[in-house]
$ cat my_file31.cif   # mmCIF, C-alpha atoms
data_work
#
loop_
_atom_site.label_atom_id
_atom_site.label_comp_id
_atom_site.auth_asym_id
_atom_site.auth_seq_id
_atom_site.Cartn_x
_atom_site.Cartn_y
_atom_site.Cartn_z
CA MET A 963 77.31 -99.94 135.61
CA ILE A 964 78.83 -97.51 138.06
CA LYS A 965 79.02 -98.13 141.79
CA ILE A 966 79.93 -95.39 144.25
CA ILE A 967 81.03 -96.60 147.68
CA SER A 968 81.30 -93.85 150.26
CA ILE A 969 81.72 -93.55 154.00
CA GLY A 970 78.82 -91.80 155.73
CA GLN A 971 75.55 -90.52 154.37
CA SER A 972 74.92 -87.39 152.32
CA ASN A 973 71.87 -86.03 154.08
CA ASP A 974 72.53 -82.36 153.31
CA TYR A 975 73.30 -83.00 149.64
CA GLN A 976 71.17 -86.06 148.93
CA ALA A 977 68.51 -84.19 146.93
CA ASN A 978 71.19 -82.81 144.60
CA ILE A 979 72.88 -86.21 144.27
CA ASN A 980 69.51 -87.81 143.46
CA ASP A 981 68.79 -85.11 140.86
CA TYR A 982 71.99 -85.87 138.92
CA ALA A 983 71.48 -89.62 139.28
CA LYS A 984 67.94 -89.32 137.83
CA ARG A 985 69.31 -87.49 134.79
CA LEU A 986 71.52 -90.43 133.90
CA LYS A 987 70.40 -92.88 131.27
CA ASN A 988 70.95 -96.64 131.32
CA GLN A 989 74.50 -96.22 130.05
CA TYR A 990 75.53 -94.72 133.37
CA LYS A 991 73.27 -96.38 135.89
CA ILE A 992 74.62 -95.61 139.38
CA THR A 993 74.36 -97.70 142.52
CA PHE A 994 75.25 -95.99 145.78
CA ILE A 995 76.64 -97.90 148.75
CA ASP A 996 76.84 -95.80 151.91
CA ILE A 997 78.93 -97.27 154.71
CA GLU A 998 78.37 -96.03 158.22
CA ASN A 999 81.13 -93.95 159.81
CA SER A 1000 83.22 -95.78 162.37
CA LYS A 1001 83.10 -94.36 165.89
CA SER A 1002 86.83 -95.01 166.25
CA LYS A 1003 89.68 -92.60 165.53
CA ASN A 1004 92.73 -92.44 163.27
CA ILE A 1005 94.21 -95.73 162.02
CA GLU A 1006 91.60 -97.88 163.78
CA CYS A 1007 88.81 -95.92 162.10
CA ARG A 1008 90.48 -96.16 158.70
CA ASN A 1009 90.96 -99.91 159.06
CA ILE A 1010 87.38 -100.60 160.19
CA GLU A 1011 85.89 -98.55 157.35
CA SER A 1012 88.30 -100.04 154.81
CA GLU A 1013 87.30 -103.59 155.74
CA LYS A 1014 83.67 -102.66 155.11
CA ILE A 1015 84.61 -101.17 151.74
CA LEU A 1016 86.54 -104.30 150.74
CA LYS A 1017 83.40 -106.42 151.17
CA HIS A 1018 81.80 -104.49 148.29
CA LEU A 1019 84.68 -104.80 145.81
CA ASP A 1020 84.90 -107.44 143.13
CA ASN A 1021 87.53 -108.29 140.55
CA LYS A 1022 85.15 -107.66 137.63
CA SER A 1023 85.09 -103.94 138.32
CA TYR A 1024 87.59 -101.24 137.40
CA ILE A 1025 88.21 -99.61 140.78
CA ILE A 1026 88.91 -95.91 141.13
CA LEU A 1027 89.86 -94.38 144.46
CA LEU A 1028 89.25 -90.69 145.05
CA ASP A 1029 92.10 -89.52 147.23
CA GLU A 1030 93.97 -86.29 147.92
CA ILE A 1031 97.22 -87.82 146.65
CA GLY A 1032 95.66 -89.12 143.44
CA LYS A 1033 96.30 -88.11 139.86
CA PRO A 1034 94.52 -84.92 138.79
CA ILE A 1035 92.30 -85.52 135.75
CA ASN A 1036 90.02 -83.34 133.67
CA ASN A 1037 86.51 -83.94 132.36
CA LEU A 1038 87.62 -85.48 129.08
CA GLU A 1039 90.03 -87.88 130.82
CA LEU A 1040 87.30 -88.96 133.24
CA ASN A 1041 84.89 -89.38 130.34
CA LYS A 1042 87.38 -91.57 128.47
CA THR A 1043 87.99 -93.70 131.57
CA ILE A 1044 84.27 -94.18 132.16
CA ASN A 1045 83.64 -95.08 128.51
CA ILE A 1046 86.46 -97.61 128.32
CA HIS A 1047 85.24 -99.64 131.31
CA ASN A 1048 81.78 -101.21 131.49
CA ASN A 1049 81.87 -101.77 135.21
CA ILE A 1050 83.40 -99.12 137.47
CA THR A 1051 83.54 -98.77 141.24
CA PHE A 1052 84.45 -95.42 142.77
CA ILE A 1053 85.60 -95.32 146.39
CA ILE A 1054 85.22 -92.23 148.57
CA GLY A 1055 86.93 -92.89 151.90
CA GLY A 1056 86.14 -91.37 155.26
CA SER A 1057 87.89 -88.56 157.08
CA TYR A 1058 90.92 -90.77 157.84
CA GLY A 1059 91.22 -92.13 154.29
CA VAL A 1060 91.51 -95.79 153.35
CA SER A 1061 93.94 -98.56 154.22
CA GLU A 1062 97.03 -99.47 152.24
CA LYS A 1063 95.28 -102.72 151.32
CA ILE A 1064 92.64 -100.75 149.42
CA LYS A 1065 95.20 -98.39 147.90
CA LYS A 1066 97.09 -101.39 146.51
CA SER A 1067 93.95 -103.05 145.14
CA VAL A 1068 92.65 -100.16 143.03
CA ASN A 1069 93.26 -99.65 139.31
CA LEU A 1070 93.46 -95.87 139.45
CA THR A 1071 93.69 -93.16 142.12
CA ILE A 1072 92.45 -89.72 141.19
CA LYS A 1073 91.85 -86.47 143.01
CA ILE A 1074 88.96 -84.13 142.43
CA SER A 1075 90.85 -81.03 143.53
CA ASP A 1076 93.88 -79.79 145.38
CA LEU A 1077 91.38 -78.80 148.05
CA ILE A 1078 90.00 -81.32 150.53
CA PHE A 1079 86.21 -81.65 150.79
CA PRO A 1080 83.88 -83.57 153.11
CA HIS A 1081 82.95 -86.96 151.63
CA GLU A 1082 79.34 -85.91 151.03
CA ILE A 1083 80.46 -82.99 148.84
CA VAL A 1084 82.83 -85.29 146.94
CA LYS A 1085 79.93 -87.66 146.31
CA LEU A 1086 77.88 -84.79 144.87
CA ILE A 1087 80.78 -83.58 142.71
CA LEU A 1088 81.46 -87.10 141.44
CA THR A 1089 77.81 -87.71 140.57
CA GLU A 1090 77.68 -84.40 138.70
CA GLN A 1091 80.89 -85.30 136.84
CA ILE A 1092 79.41 -88.62 135.76
CA TYR A 1093 76.36 -86.75 134.46
CA ARG A 1094 78.72 -84.31 132.70
CA SER A 1095 80.46 -87.28 131.09
CA GLN A 1096 77.13 -88.43 129.68
CA CYS A 1097 76.57 -84.91 128.32
CA ILE A 1098 80.00 -84.98 126.66
CA ASN A 1099 79.04 -88.22 124.90
CA GLU A 1100 75.80 -86.67 123.66
CA ASN A 1101 77.29 -83.28 122.71
CA HIS A 1102 74.77 -81.81 125.12
CA PRO A 1103 75.19 -78.09 125.81
CA TYR A 1104 75.49 -78.75 129.56
CA HIS A 1105 79.20 -79.35 128.95
CA HIS A 1106 80.77 -76.71 126.77
CA ILE A 1107 84.32 -75.56 126.33
#
$ encode --input "my_file31.cif" --output "structure tokens"
Amino acid sequence: MIKIISIGQSNDYQANINDYAKRLKNQYKITFIDIENSKSKNIECRNIESEKILKHLDNKSYIILLDEIGKPINNLELNKTINIHNNITFIIGGSYGVSEKIKKSVNLTIKISDLIFPHEIVKLILTEQIYRSQCINENHPYHHI
């Protein structure tokens, strides 16, 4: 099972996110948890949102944070990580990031790109990458090198 926790809602991209999620088979069933943006600013905002994220984490899950200072990985590395762990939680923080408490509690921190994207675009990219991982497993022509 894969859980994606993200700050805010993906109204503009939700149809695309749903399309990729529908393509997934039972192996990669996704649950989305959208946490409302805090109305605060800077550190206060980050701390409020991070506390809400922490309520959805459990110690049975392999936790992956998507962050601009994370490790860059490619499709095959992501595929391997997803296939090794039966229960994965991805965290997409808000515009002020996540607290140090969350950063210390994750198993892996990755970055999608050297560029910074709004959280709703990251959620779409991540969902597509999970679908791509399924295609890699099935030797589907969607993913080709």
$ closest_residue --input "my_file31.cif" --among "A:Tyr1093, A:Tyr975, A:Tyr1024, A:Tyr1104" --to "A:Ile1050" --atoms "all atoms listed in the file"
A:Tyr1024
$ closest_residue --input "my_file31.cif" --among "A:Gln976, A:Ser1002, A:Gln989, A:Ser1075" --to "A:His1047" --atoms "only C-alpha atoms"
A:Gln989
$ residues_around --input "my_file31.cif" --residues "stretch 1060-1064 of chain A" --least-positions-apart "5" --cutoff "9 Å" --atoms "all atoms listed in the file" --output "list of chain:residue names"
A:Ile1005, A:Arg1008, A:Asn1009, A:Glu1011, A:Ser1012, A:Glu1013, A:Ile1015, A:Leu1016, A:Leu1027, A:Asp1029, A:Ile1054, A:Gly1055
$ residues_around --input "my_file31.cif" --residues "A:Asn988" --least-positions-apart "3" --cutoff "12 Å" --atoms "all atoms listed in the file" --output "number ranges by chain"
A: 963-964, 983-985, 991-993, 1048, 1093, 1096
$ atom_distance --input "my_file31.cif" --atom1 "atom CA of A:Thr1071" --atom2 "atom CA of A:Glu1090"
18.6 Å
$ resolve_selection --input "my_file31.cif" --expression "the PyMOL selection byres ((chain A and resi 979) around 12)" --output "ChimeraX atom specification"
/A:966,971-978,980-986,992-994,1082-1093
$ atom_distance --input "my_file31.cif" --atom1 "atom CA of A:Asn1101" --atom2 "atom CA of A:Leu1077"
29.3 Å
$ axis_aligned_box --input "my_file31.cif" --around "stretch 979-989 of chain A" --padding-each-side "6 Å" --output "AutoDock Vina command-line options"
--center_x 71.2 --center_y -90.9 --center_z 137.2 --size_x 18.6 --size_y 23.5 --size_z 26.2
$ resolve_selection --input "my_file31.cif" --expression "the PyMOL selection byres ((chain A and resi 1076) around 9)" --output "list of chain:residue names"
A:Glu1030, A:Ile1031, A:Pro1034, A:Lys1073, A:Ile1074, A:Ser1075, A:Leu1077, A:Ile1078
$ write_last_selection --input "my_file31.cif" --atoms "C-alpha atoms" --output "mmCIF file, keeping the file's coordinate frame"
data_model
loop_
_atom_site.group_PDB
_atom_site.id
_atom_site.type_symbol
_atom_site.label_atom_id
_atom_site.label_comp_id
_atom_site.auth_asym_id
_atom_site.auth_seq_id
_atom_site.Cartn_x
_atom_site.Cartn_y
_atom_site.Cartn_z
ATOM 1 C CA GLU A 1030 93.970 -86.290 147.920
ATOM 2 C CA ILE A 1031 97.220 -87.820 146.650
ATOM 3 C CA PRO A 1034 94.520 -84.920 138.790
ATOM 4 C CA LYS A 1073 91.850 -86.470 143.010
ATOM 5 C CA ILE A 1074 88.960 -84.130 142.430
ATOM 6 C CA SER A 1075 90.850 -81.030 143.530
ATOM 7 C CA LEU A 1077 91.380 -78.800 148.050
ATOM 8 C CA ILE A 1078 90.000 -81.320 150.530
#
$ closest_residue --input "my_file31.cif" --among "A:Leu1070, A:Ser1095, A:Ile969, A:Lys987" --to "A:Asn1045" --atoms "only C-alpha atoms"
A:Ser1095
$ closest_residue --input "my_file31.cif" --among "A:His1105, A:Lys1042, A:His1018, A:Lys1003" --to "A:Tyr1058" --atoms "all atoms listed in the file"
A:Lys1003
$ atom_distance --input "my_file31.cif" --atom1 "atom CA of A:Lys1022" --atom2 "atom CA of A:Gly1059"
23.6 Å
$ closest_residue --input "my_file31.cif" --among "A:Gly1032, A:Ile1072, A:Asn999, A:Ser1023" --to "A:Thr1051" --atoms "all atoms listed in the file"
A:Ser1023
$ closest_residue --input "my_file31.cif" --among "A:Glu1100, A:Asp1020, A:Arg1094, A:Ser1057" --to "A:Cys1007" --atoms "only C-alpha atoms"
A:Ser1057
$ decode --input "my_file31.cif" --residues "stretch 1043-1099 of chain A" --atoms "C-alpha atoms" --output "PDB file, in the first residue's frame"
ATOM      1  CA  THR A1043      12.498   1.204  -3.421  1.00  0.00           C
ATOM      2  CA  ILE A1044       8.763   0.770  -4.005  1.00  0.00           C
ATOM      3  CA  ASN A1045       9.136  -2.961  -4.671  1.00  0.00           C
ATOM      4  CA  ILE A1046      11.257  -3.614  -1.586  1.00  0.00           C
ATOM      5  CA  HIS A1047       8.743  -2.074   0.830  1.00  0.00           C
ATOM      6  CA  ASN A1048       5.156  -3.271   1.156  1.00  0.00           C
ATOM      7  CA  ASN A1049       3.936  -0.193   2.959  1.00  0.00           C
ATOM      8  CA  ILE A1050       5.221   3.231   1.887  1.00  0.00           C
ATOM      9  CA  THR A1051       4.232   6.741   2.915  1.00  0.00           C
ATOM     10  CA  PHE A1052       5.320   9.675   0.780  1.00  0.00           C
ATOM     11  CA  ILE A1053       5.264  13.159   2.308  1.00  0.00           C
ATOM     12  CA  ILE A1054       4.904  16.303   0.208  1.00  0.00           C
ATOM     13  CA  GLY A1055       5.289  19.327   2.480  1.00  0.00           C
ATOM     14  CA  GLY A1056       3.831  22.769   2.033  1.00  0.00           C
ATOM     15  CA  SER A1057       5.485  25.910   0.751  1.00  0.00           C
ATOM     16  CA  TYR A1058       7.566  26.281   3.944  1.00  0.00           C
ATOM     17  CA  GLY A1059       8.669  22.635   4.020  1.00  0.00           C
ATOM     18  CA  VAL A1060       8.438  20.321   7.016  1.00  0.00           C
ATOM     19  CA  SER A1061       9.803  20.427  10.550  1.00  0.00           C
ATOM     20  CA  GLU A1062      13.089  18.927  11.671  1.00  0.00           C
ATOM     21  CA  LYS A1063      11.052  16.388  13.657  1.00  0.00           C
ATOM     22  CA  ILE A1064       9.644  14.998  10.410  1.00  0.00           C
ATOM     23  CA  LYS A1065      12.999  15.163   8.640  1.00  0.00           C
ATOM     24  CA  LYS A1066      14.532  13.062  11.423  1.00  0.00           C
ATOM     25  CA  SER A1067      11.700  10.515  11.397  1.00  0.00           C
ATOM     26  CA  VAL A1068      11.789   9.588   7.701  1.00  0.00           C
ATOM     27  CA  ASN A1069      13.632   6.638   6.183  1.00  0.00           C
ATOM     28  CA  LEU A1070      14.592   8.381   2.959  1.00  0.00           C
ATOM     29  CA  THR A1071      14.559  11.928   1.564  1.00  0.00           C
ATOM     30  CA  ILE A1072      14.448  12.298  -2.197  1.00  0.00           C
ATOM     31  CA  LYS A1073      14.028  15.143  -4.625  1.00  0.00           C
ATOM     32  CA  ILE A1074      12.047  15.027  -7.831  1.00  0.00           C
ATOM     33  CA  SER A1075      14.119  17.672  -9.575  1.00  0.00           C
ATOM     34  CA  ASP A1076      16.610  20.453  -9.052  1.00  0.00           C
ATOM     35  CA  LEU A1077      13.675  22.725  -9.821  1.00  0.00           C
ATOM     36  CA  ILE A1078      11.065  23.575  -7.194  1.00  0.00           C
ATOM     37  CA  PHE A1079       7.413  22.900  -8.039  1.00  0.00           C
ATOM     38  CA  PRO A1080       4.111  23.679  -6.307  1.00  0.00           C
ATOM     39  CA  HIS A1081       2.983  20.763  -4.130  1.00  0.00           C
ATOM     40  CA  GLU A1082       0.068  19.929  -6.430  1.00  0.00           C
ATOM     41  CA  ILE A1083       2.424  19.442  -9.397  1.00  0.00           C
ATOM     42  CA  VAL A1084       4.717  17.284  -7.248  1.00  0.00           C
ATOM     43  CA  LYS A1085       1.719  15.145  -6.306  1.00  0.00           C
ATOM     44  CA  LEU A1086       0.900  14.652  -9.998  1.00  0.00           C
ATOM     45  CA  ILE A1087       4.518  13.837 -10.867  1.00  0.00           C
ATOM     46  CA  LEU A1088       4.786  11.373  -7.980  1.00  0.00           C
ATOM     47  CA  THR A1089       1.553   9.608  -8.927  1.00  0.00           C
ATOM     48  CA  GLU A1090       2.746   9.318 -12.522  1.00  0.00           C
ATOM     49  CA  GLN A1091       6.095   7.946 -11.330  1.00  0.00           C
ATOM     50  CA  ILE A1092       4.349   5.295  -9.249  1.00  0.00           C
ATOM     51  CA  TYR A1093       2.352   4.307 -12.334  1.00  0.00           C
ATOM     52  CA  ARG A1094       5.609   4.249 -14.325  1.00  0.00           C
ATOM     53  CA  SER A1095       7.079   1.933 -11.694  1.00  0.00           C
ATOM     54  CA  GLN A1096       4.202  -0.471 -12.237  1.00  0.00           C
ATOM     55  CA  CYS A1097       4.873  -0.311 -15.992  1.00  0.00           C
ATOM     56  CA  ILE A1098       8.549  -1.116 -15.387  1.00  0.00           C
ATOM     57  CA  ASN A1099       7.513  -4.227 -13.441  1.00  0.00           C
TER      58      ASN A1099
END
